[in-house]
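Enquirer: Input file: target30.cif. Contents: mmCIF, C-alpha atoms, pLDDT in the B column; chains and numbers go by the auth columns.
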```cif
data_coords
loop_
_atom_site.group_PDB
_atom_site.id
_atom_site.type_symbol
_atom_site.label_atom_id
_atom_site.label_comp_id
_atom_site.label_asym_id
_atom_site.label_seq_id
_atom_site.Cartn_x
_atom_site.Cartn_y
_atom_site.Cartn_z
_atom_site.B_iso_or_equiv
_atom_site.auth_seq_id
_atom_site.auth_asym_id
ATOM 1 C CA MET A 1 -8.567 -30.807 -10.459 58.00 1 W
ATOM 2 C CA THR A 2 -8.689 -29.459 -6.916 63.00 2 W
ATOM 3 C CA VAL A 3 -11.324 -26.932 -5.942 62.00 3 W
ATOM 4 C CA GLN A 4 -10.085 -24.345 -3.477 70.00 4 W
ATOM 5 C CA SER A 5 -12.505 -22.453 -1.312 80.00 5 W
ATOM 6 C CA ILE A 6 -12.384 -18.690 -1.509 86.00 6 W
ATOM 7 C CA LYS A 7 -10.962 -17.074 1.610 89.00 7 W
ATOM 8 C CA SER A 8 -13.528 -14.876 3.327 93.00 8 W
ATOM 9 C CA PRO A 9 -13.436 -12.696 6.450 96.00 9 W
ATOM 10 C CA CYS A 10 -17.086 -13.502 7.209 95.00 10 W
ATOM 11 C CA ILE A 11 -17.673 -14.489 10.838 95.00 11 W
ATOM 12 C CA LYS A 12 -21.446 -14.978 10.405 95.00 12 W
ATOM 13 C CA VAL A 13 -22.290 -11.742 12.250 94.00 13 W
ATOM 14 C CA CYS A 14 -23.976 -10.004 9.339 93.00 14 W
ATOM 15 C CA ALA A 15 -25.243 -6.563 10.305 96.00 15 W
ATOM 16 C CA VAL A 16 -24.323 -3.401 8.414 97.00 16 W
ATOM 17 C CA ASP A 17 -23.886 -0.207 10.403 97.00 17 W
ATOM 18 C CA ALA A 18 -25.897 2.566 8.737 96.00 18 W
ATOM 19 C CA ALA A 19 -23.469 5.329 9.716 96.00 19 W
ATOM 20 C CA THR A 20 -20.276 3.704 8.395 97.00 20 W
ATOM 21 C CA GLY A 21 -21.674 1.298 5.809 97.00 21 W
ATOM 22 C CA LEU A 22 -19.493 -1.452 7.251 98.00 22 W
ATOM 23 C CA CYS A 23 -20.509 -4.930 8.327 98.00 23 W
ATOM 24 C CA LEU A 24 -20.138 -5.165 12.106 97.00 24 W
ATOM 25 C CA GLY A 25 -18.857 -8.726 11.750 97.00 25 W
ATOM 26 C CA CYS A 26 -16.243 -8.567 9.009 97.00 26 W
ATOM 27 C CA GLY A 27 -15.799 -4.885 8.169 98.00 27 W
ATOM 28 C CA ARG A 28 -16.733 -5.173 4.498 98.00 28 W
ATOM 29 C CA THR A 29 -19.217 -2.943 2.698 98.00 29 W
ATOM 30 C CA LEU A 30 -22.379 -4.366 1.131 97.00 30 W
ATOM 31 C CA PRO A 31 -20.995 -3.952 -2.424 97.00 31 W
ATOM 32 C CA GLU A 32 -17.816 -5.805 -1.391 98.00 32 W
ATOM 33 C CA ILE A 33 -19.839 -8.604 0.163 97.00 33 W
ATOM 34 C CA GLY A 34 -22.045 -8.840 -2.920 96.00 34 W
ATOM 35 C CA LYS A 35 -19.217 -9.121 -5.427 96.00 35 W
ATOM 36 C CA TRP A 36 -16.740 -11.004 -3.205 96.00 36 W
ATOM 37 C CA VAL A 37 -16.624 -14.120 -5.395 93.00 37 W
ATOM 38 C CA SER A 38 -16.310 -12.194 -8.669 95.00 38 W
ATOM 39 C CA MET A 39 -13.778 -9.568 -7.561 95.00 39 W
ATOM 40 C CA GLY A 40 -10.803 -11.888 -8.022 94.00 40 W
ATOM 41 C CA GLU A 41 -8.056 -12.848 -5.624 93.00 41 W
ATOM 42 C CA ALA A 42 -6.173 -9.542 -5.939 95.00 42 W
ATOM 43 C CA GLY A 43 -9.322 -7.561 -5.188 96.00 43 W
ATOM 44 C CA ARG A 44 -10.169 -9.733 -2.209 96.00 44 W
ATOM 45 C CA GLU A 45 -6.634 -9.440 -0.837 96.00 45 W
ATOM 46 C CA LYS A 46 -6.794 -5.637 -1.084 97.00 46 W
ATOM 47 C CA VAL A 47 -10.048 -5.570 0.875 97.00 47 W
ATOM 48 C CA MET A 48 -8.640 -8.045 3.424 97.00 48 W
ATOM 49 C CA ALA A 49 -5.668 -5.718 3.971 97.00 49 W
ATOM 50 C CA ASP A 50 -8.054 -2.846 4.768 98.00 50 W
ATOM 51 C CA LEU A 51 -10.192 -4.780 7.250 98.00 51 W
ATOM 52 C CA PRO A 52 -8.077 -4.430 10.426 98.00 52 W
ATOM 53 C CA ALA A 53 -8.273 -0.623 10.198 98.00 53 W
ATOM 54 C CA ARG A 54 -12.001 -0.776 9.504 98.00 54 W
ATOM 55 C CA ILE A 55 -12.617 -3.069 12.484 97.00 55 W
ATOM 56 C CA ALA A 56 -10.523 -0.754 14.672 98.00 56 W
ATOM 57 C CA ARG A 57 -12.648 2.186 13.502 97.00 57 W
ATOM 58 C CA LEU A 58 -15.845 0.324 14.391 97.00 58 W
ATOM 59 C CA GLU A 59 -14.401 -0.478 17.815 97.00 59 W
ATOM 60 C CA GLU A 60 -13.387 3.158 18.388 97.00 60 W
ATOM 61 C CA LEU A 61 -16.946 4.209 17.569 97.00 61 W
ATOM 62 C CA GLY A 62 -18.265 1.661 20.086 97.00 62 W
ATOM 63 C CA LYS A 63 -20.081 -0.267 17.386 95.00 63 W
ATOM 64 C CA ARG A 64 -18.274 -3.531 17.990 89.00 64 W
#
```
Since I need it in another form, could you write the structure as structure tokens?
Expert:
Amino acid sequence: MTVQSIKSPCIKVCAVDAATGLCLGCGRTLPEIGKWVSMGEAGREKVMADLPARIARLEELGKR
């Protein structure tokens, strides 16, 4: 049996912006970060697809 690691967008810059609720490092919300392992591959992939737009939003707001 091979154990695969779970793909994560975490870049070890863990700070959540109070105004947006998004992590300044990866763009996830605290609930998403908390249930990342248990949300299943499909759930993680959906969040991953949303992250580029979230990061762009943080950049537009000058938060990143």
Enquirer: Would you mind listing what lies within 8 Å of Val13 (chain W) as a count of residues only, with all atoms listed in the file counted and same-chain residues fewer than 2 positions away left out?
Expert: 6
Enquirer: Box time for region 55-62 of chain W: axis-aligned, enclosing all its listed atoms, 3 Å extra on each side; report centre and edge lengths in Å to one decimal, as JSON.
Expert:
```
{"center_x": -14.4, "center_y": 0.6, "center_z": 16.3, "size_x": 13.7, "size_y": 13.3, "size_z": 13.6}
```
Enquirer: How far is it from CA of Thr20 (chain W) to CA of Met39 (chain W), in Å with one decimal?
Expert: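 Separation between CA of Thr20 (chain W) and CA of Met39 (chain W): 21.7 Å.
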Enquirer: Enumerate, as a ChimeraX atom specification, the residues matched when the PyMOL selection byres ((chain W and resi 7) around 12) is run on the file above.
Expert: /W:4-6,8-11,36-37,40-45,47-48
Enquirer: Using only C-alpha atoms, which residue out of W:Ser38, W:Ile33, W:Gly27, W:Cys14 lies closest to Ala53 (chain W)?
Expert: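 Closest residue, counting only C-alpha atoms: W:Gly27.
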Enquirer: Report, in Å to a single decimal, how far apart CA of Val16 (chain W) and CA of Asp50 (chain W) are.
Expert: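 Computing the Euclidean distance for CA of Asp50 (chain W) and CA of Val16 (chain W) yields 16.7 Å.
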Enquirer: Once N, CA and C atoms are restored for region 2-37 of chain W, what would the output be as a PDB file, in the coordinates of the input?
Expert:
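Listed below is the output, part.pdb:
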```
ATOM      1  N   THR W   2      -8.353 -29.737  -8.301  1.00 63.00           N
ATOM      2  CA  THR W   2      -8.689 -29.459  -6.916  1.00 63.00           C
ATOM      3  C   THR W   2      -9.438 -28.141  -6.831  1.00 63.00           C
ATOM      4  N   VAL W   3     -10.548 -28.162  -6.122  1.00 62.00           N
ATOM      5  CA  VAL W   3     -11.324 -26.932  -5.942  1.00 62.00           C
ATOM      6  C   VAL W   3     -10.928 -26.302  -4.615  1.00 62.00           C
ATOM      7  N   GLN W   4     -10.460 -25.053  -4.690  1.00 70.00           N
ATOM      8  CA  GLN W   4     -10.085 -24.345  -3.477  1.00 70.00           C
ATOM      9  C   GLN W   4     -11.228 -23.432  -3.064  1.00 70.00           C
ATOM     10  N   SER W   5     -11.473 -23.370  -1.770  1.00 80.00           N
ATOM     11  CA  SER W   5     -12.505 -22.453  -1.312  1.00 80.00           C
ATOM     12  C   SER W   5     -11.934 -21.040  -1.295  1.00 80.00           C
ATOM     13  N   ILE W   6     -12.795 -20.083  -1.494  1.00 86.00           N
ATOM     14  CA  ILE W   6     -12.384 -18.690  -1.509  1.00 86.00           C
ATOM     15  C   ILE W   6     -12.298 -18.200  -0.071  1.00 86.00           C
ATOM     16  N   LYS W   7     -11.165 -17.607   0.272  1.00 89.00           N
ATOM     17  CA  LYS W   7     -10.962 -17.074   1.610  1.00 89.00           C
ATOM     18  C   LYS W   7     -11.941 -15.924   1.840  1.00 89.00           C
ATOM     19  N   SER W   8     -12.553 -15.912   2.997  1.00 93.00           N
ATOM     20  CA  SER W   8     -13.528 -14.876   3.327  1.00 93.00           C
ATOM     21  C   SER W   8     -13.351 -14.460   4.787  1.00 93.00           C
ATOM     22  N   PRO W   9     -13.529 -13.169   5.068  1.00 96.00           N
ATOM     23  CA  PRO W   9     -13.436 -12.696   6.450  1.00 96.00           C
ATOM     24  C   PRO W   9     -14.745 -12.849   7.222  1.00 96.00           C
ATOM     25  N   CYS W  10     -15.763 -13.391   6.593  1.00 95.00           N
ATOM     26  CA  CYS W  10     -17.086 -13.502   7.209  1.00 95.00           C
ATOM     27  C   CYS W  10     -17.014 -14.319   8.494  1.00 95.00           C
ATOM     28  N   ILE W  11     -17.609 -13.765   9.564  1.00 95.00           N
ATOM     29  CA  ILE W  11     -17.673 -14.489  10.838  1.00 95.00           C
ATOM     30  C   ILE W  11     -19.127 -14.782  11.222  1.00 95.00           C
ATOM     31  N   LYS W  12     -20.021 -14.671  10.234  1.00 95.00           N
ATOM     32  CA  LYS W  12     -21.446 -14.978  10.405  1.00 95.00           C
ATOM     33  C   LYS W  12     -22.142 -14.039  11.387  1.00 95.00           C
ATOM     34  N   VAL W  13     -21.632 -12.807  11.496  1.00 94.00           N
ATOM     35  CA  VAL W  13     -22.290 -11.742  12.250  1.00 94.00           C
ATOM     36  C   VAL W  13     -22.591 -10.668  11.217  1.00 94.00           C
ATOM     37  N   CYS W  14     -23.680 -10.842  10.492  1.00 93.00           N
ATOM     38  CA  CYS W  14     -23.976 -10.004   9.339  1.00 93.00           C
ATOM     39  C   CYS W  14     -24.967  -8.904   9.695  1.00 93.00           C
ATOM     40  N   ALA W  15     -24.423  -7.739  10.012  1.00 96.00           N
ATOM     41  CA  ALA W  15     -25.243  -6.563  10.305  1.00 96.00           C
ATOM     42  C   ALA W  15     -24.443  -5.355   9.836  1.00 96.00           C
ATOM     43  N   VAL W  16     -25.029  -4.564   8.954  1.00 97.00           N
ATOM     44  CA  VAL W  16     -24.323  -3.401   8.414  1.00 97.00           C
ATOM     45  C   VAL W  16     -24.704  -2.162   9.206  1.00 97.00           C
ATOM     46  N   ASP W  17     -23.685  -1.452   9.673  1.00 97.00           N
ATOM     47  CA  ASP W  17     -23.886  -0.207  10.403  1.00 97.00           C
ATOM     48  C   ASP W  17     -24.273   0.893   9.423  1.00 97.00           C
ATOM     49  N   ALA W  18     -25.398   1.548   9.661  1.00 96.00           N
ATOM     50  CA  ALA W  18     -25.897   2.566   8.737  1.00 96.00           C
ATOM     51  C   ALA W  18     -24.961   3.762   8.629  1.00 96.00           C
ATOM     52  N   ALA W  19     -24.320   4.139   9.719  1.00 96.00           N
ATOM     53  CA  ALA W  19     -23.469   5.329   9.716  1.00 96.00           C
ATOM     54  C   ALA W  19     -22.173   5.124   8.928  1.00 96.00           C
ATOM     55  N   THR W  20     -21.566   3.952   9.052  1.00 97.00           N
ATOM     56  CA  THR W  20     -20.276   3.704   8.395  1.00 97.00           C
ATOM     57  C   THR W  20     -20.411   2.912   7.108  1.00 97.00           C
ATOM     58  N   GLY W  21     -21.499   2.165   6.971  1.00 97.00           N
ATOM     59  CA  GLY W  21     -21.674   1.298   5.809  1.00 97.00           C
ATOM     60  C   GLY W  21     -20.864   0.020   5.893  1.00 97.00           C
ATOM     61  N   LEU W  22     -20.335  -0.273   7.070  1.00 98.00           N
ATOM     62  CA  LEU W  22     -19.493  -1.452   7.251  1.00 98.00           C
ATOM     63  C   LEU W  22     -20.230  -2.547   8.009  1.00 98.00           C
ATOM     64  N   CYS W  23     -19.971  -3.787   7.608  1.00 98.00           N
ATOM     65  CA  CYS W  23     -20.509  -4.930   8.327  1.00 98.00           C
ATOM     66  C   CYS W  23     -19.857  -4.975   9.707  1.00 98.00           C
ATOM     67  N   LEU W  24     -20.671  -5.119  10.748  1.00 97.00           N
ATOM     68  CA  LEU W  24     -20.138  -5.165  12.106  1.00 97.00           C
ATOM     69  C   LEU W  24     -19.357  -6.452  12.376  1.00 97.00           C
ATOM     70  N   GLY W  25     -19.581  -7.463  11.573  1.00 97.00           N
ATOM     71  CA  GLY W  25     -18.857  -8.726  11.750  1.00 97.00           C
ATOM     72  C   GLY W  25     -17.500  -8.728  11.073  1.00 97.00           C
ATOM     73  N   CYS W  26     -17.485  -8.413   9.773  1.00 97.00           N
ATOM     74  CA  CYS W  26     -16.243  -8.567   9.009  1.00 97.00           C
ATOM     75  C   CYS W  26     -15.606  -7.258   8.557  1.00 97.00           C
ATOM     76  N   GLY W  27     -16.363  -6.170   8.573  1.00 98.00           N
ATOM     77  CA  GLY W  27     -15.799  -4.885   8.169  1.00 98.00           C
ATOM     78  C   GLY W  27     -15.933  -4.547   6.697  1.00 98.00           C
ATOM     79  N   ARG W  28     -16.552  -5.453   5.925  1.00 98.00           N
ATOM     80  CA  ARG W  28     -16.733  -5.173   4.498  1.00 98.00           C
ATOM     81  C   ARG W  28     -17.973  -4.321   4.271  1.00 98.00           C
ATOM     82  N   THR W  29     -18.035  -3.682   3.105  1.00 98.00           N
ATOM     83  CA  THR W  29     -19.217  -2.943   2.698  1.00 98.00           C
ATOM     84  C   THR W  29     -20.166  -3.913   1.993  1.00 98.00           C
ATOM     85  N   LEU W  30     -21.430  -3.502   1.845  1.00 97.00           N
ATOM     86  CA  LEU W  30     -22.379  -4.366   1.131  1.00 97.00           C
ATOM     87  C   LEU W  30     -21.938  -4.646  -0.306  1.00 97.00           C
ATOM     88  N   PRO W  31     -21.467  -3.635  -1.069  1.00 97.00           N
ATOM     89  CA  PRO W  31     -20.995  -3.952  -2.424  1.00 97.00           C
ATOM     90  C   PRO W  31     -19.834  -4.959  -2.429  1.00 97.00           C
ATOM     91  N   GLU W  32     -18.927  -4.846  -1.468  1.00 98.00           N
ATOM     92  CA  GLU W  32     -17.816  -5.805  -1.391  1.00 98.00           C
ATOM     93  C   GLU W  32     -18.324  -7.204  -1.085  1.00 98.00           C
ATOM     94  N   ILE W  33     -19.268  -7.301  -0.175  1.00 97.00           N
ATOM     95  CA  ILE W  33     -19.839  -8.604   0.163  1.00 97.00           C
ATOM     96  C   ILE W  33     -20.527  -9.197  -1.058  1.00 97.00           C
ATOM     97  N   GLY W  34     -21.288  -8.376  -1.770  1.00 96.00           N
ATOM     98  CA  GLY W  34     -22.045  -8.840  -2.920  1.00 96.00           C
ATOM     99  C   GLY W  34     -21.201  -9.335  -4.074  1.00 96.00           C
ATOM    100  N   LYS W  35     -20.050  -8.706  -4.291  1.00 96.00           N
ATOM    101  CA  LYS W  35     -19.217  -9.121  -5.427  1.00 96.00           C
ATOM    102  C   LYS W  35     -17.947  -9.858  -4.994  1.00 96.00           C
ATOM    103  N   TRP W  36     -17.932 -10.347  -3.760  1.00 96.00           N
ATOM    104  CA  TRP W  36     -16.740 -11.004  -3.205  1.00 96.00           C
ATOM    105  C   TRP W  36     -16.201 -12.106  -4.115  1.00 96.00           C
ATOM    106  N   VAL W  37     -17.064 -12.983  -4.580  1.00 93.00           N
ATOM    107  CA  VAL W  37     -16.624 -14.120  -5.395  1.00 93.00           C
ATOM    108  C   VAL W  37     -16.081 -13.652  -6.741  1.00 93.00           C
TER     109      VAL W  37
END
```
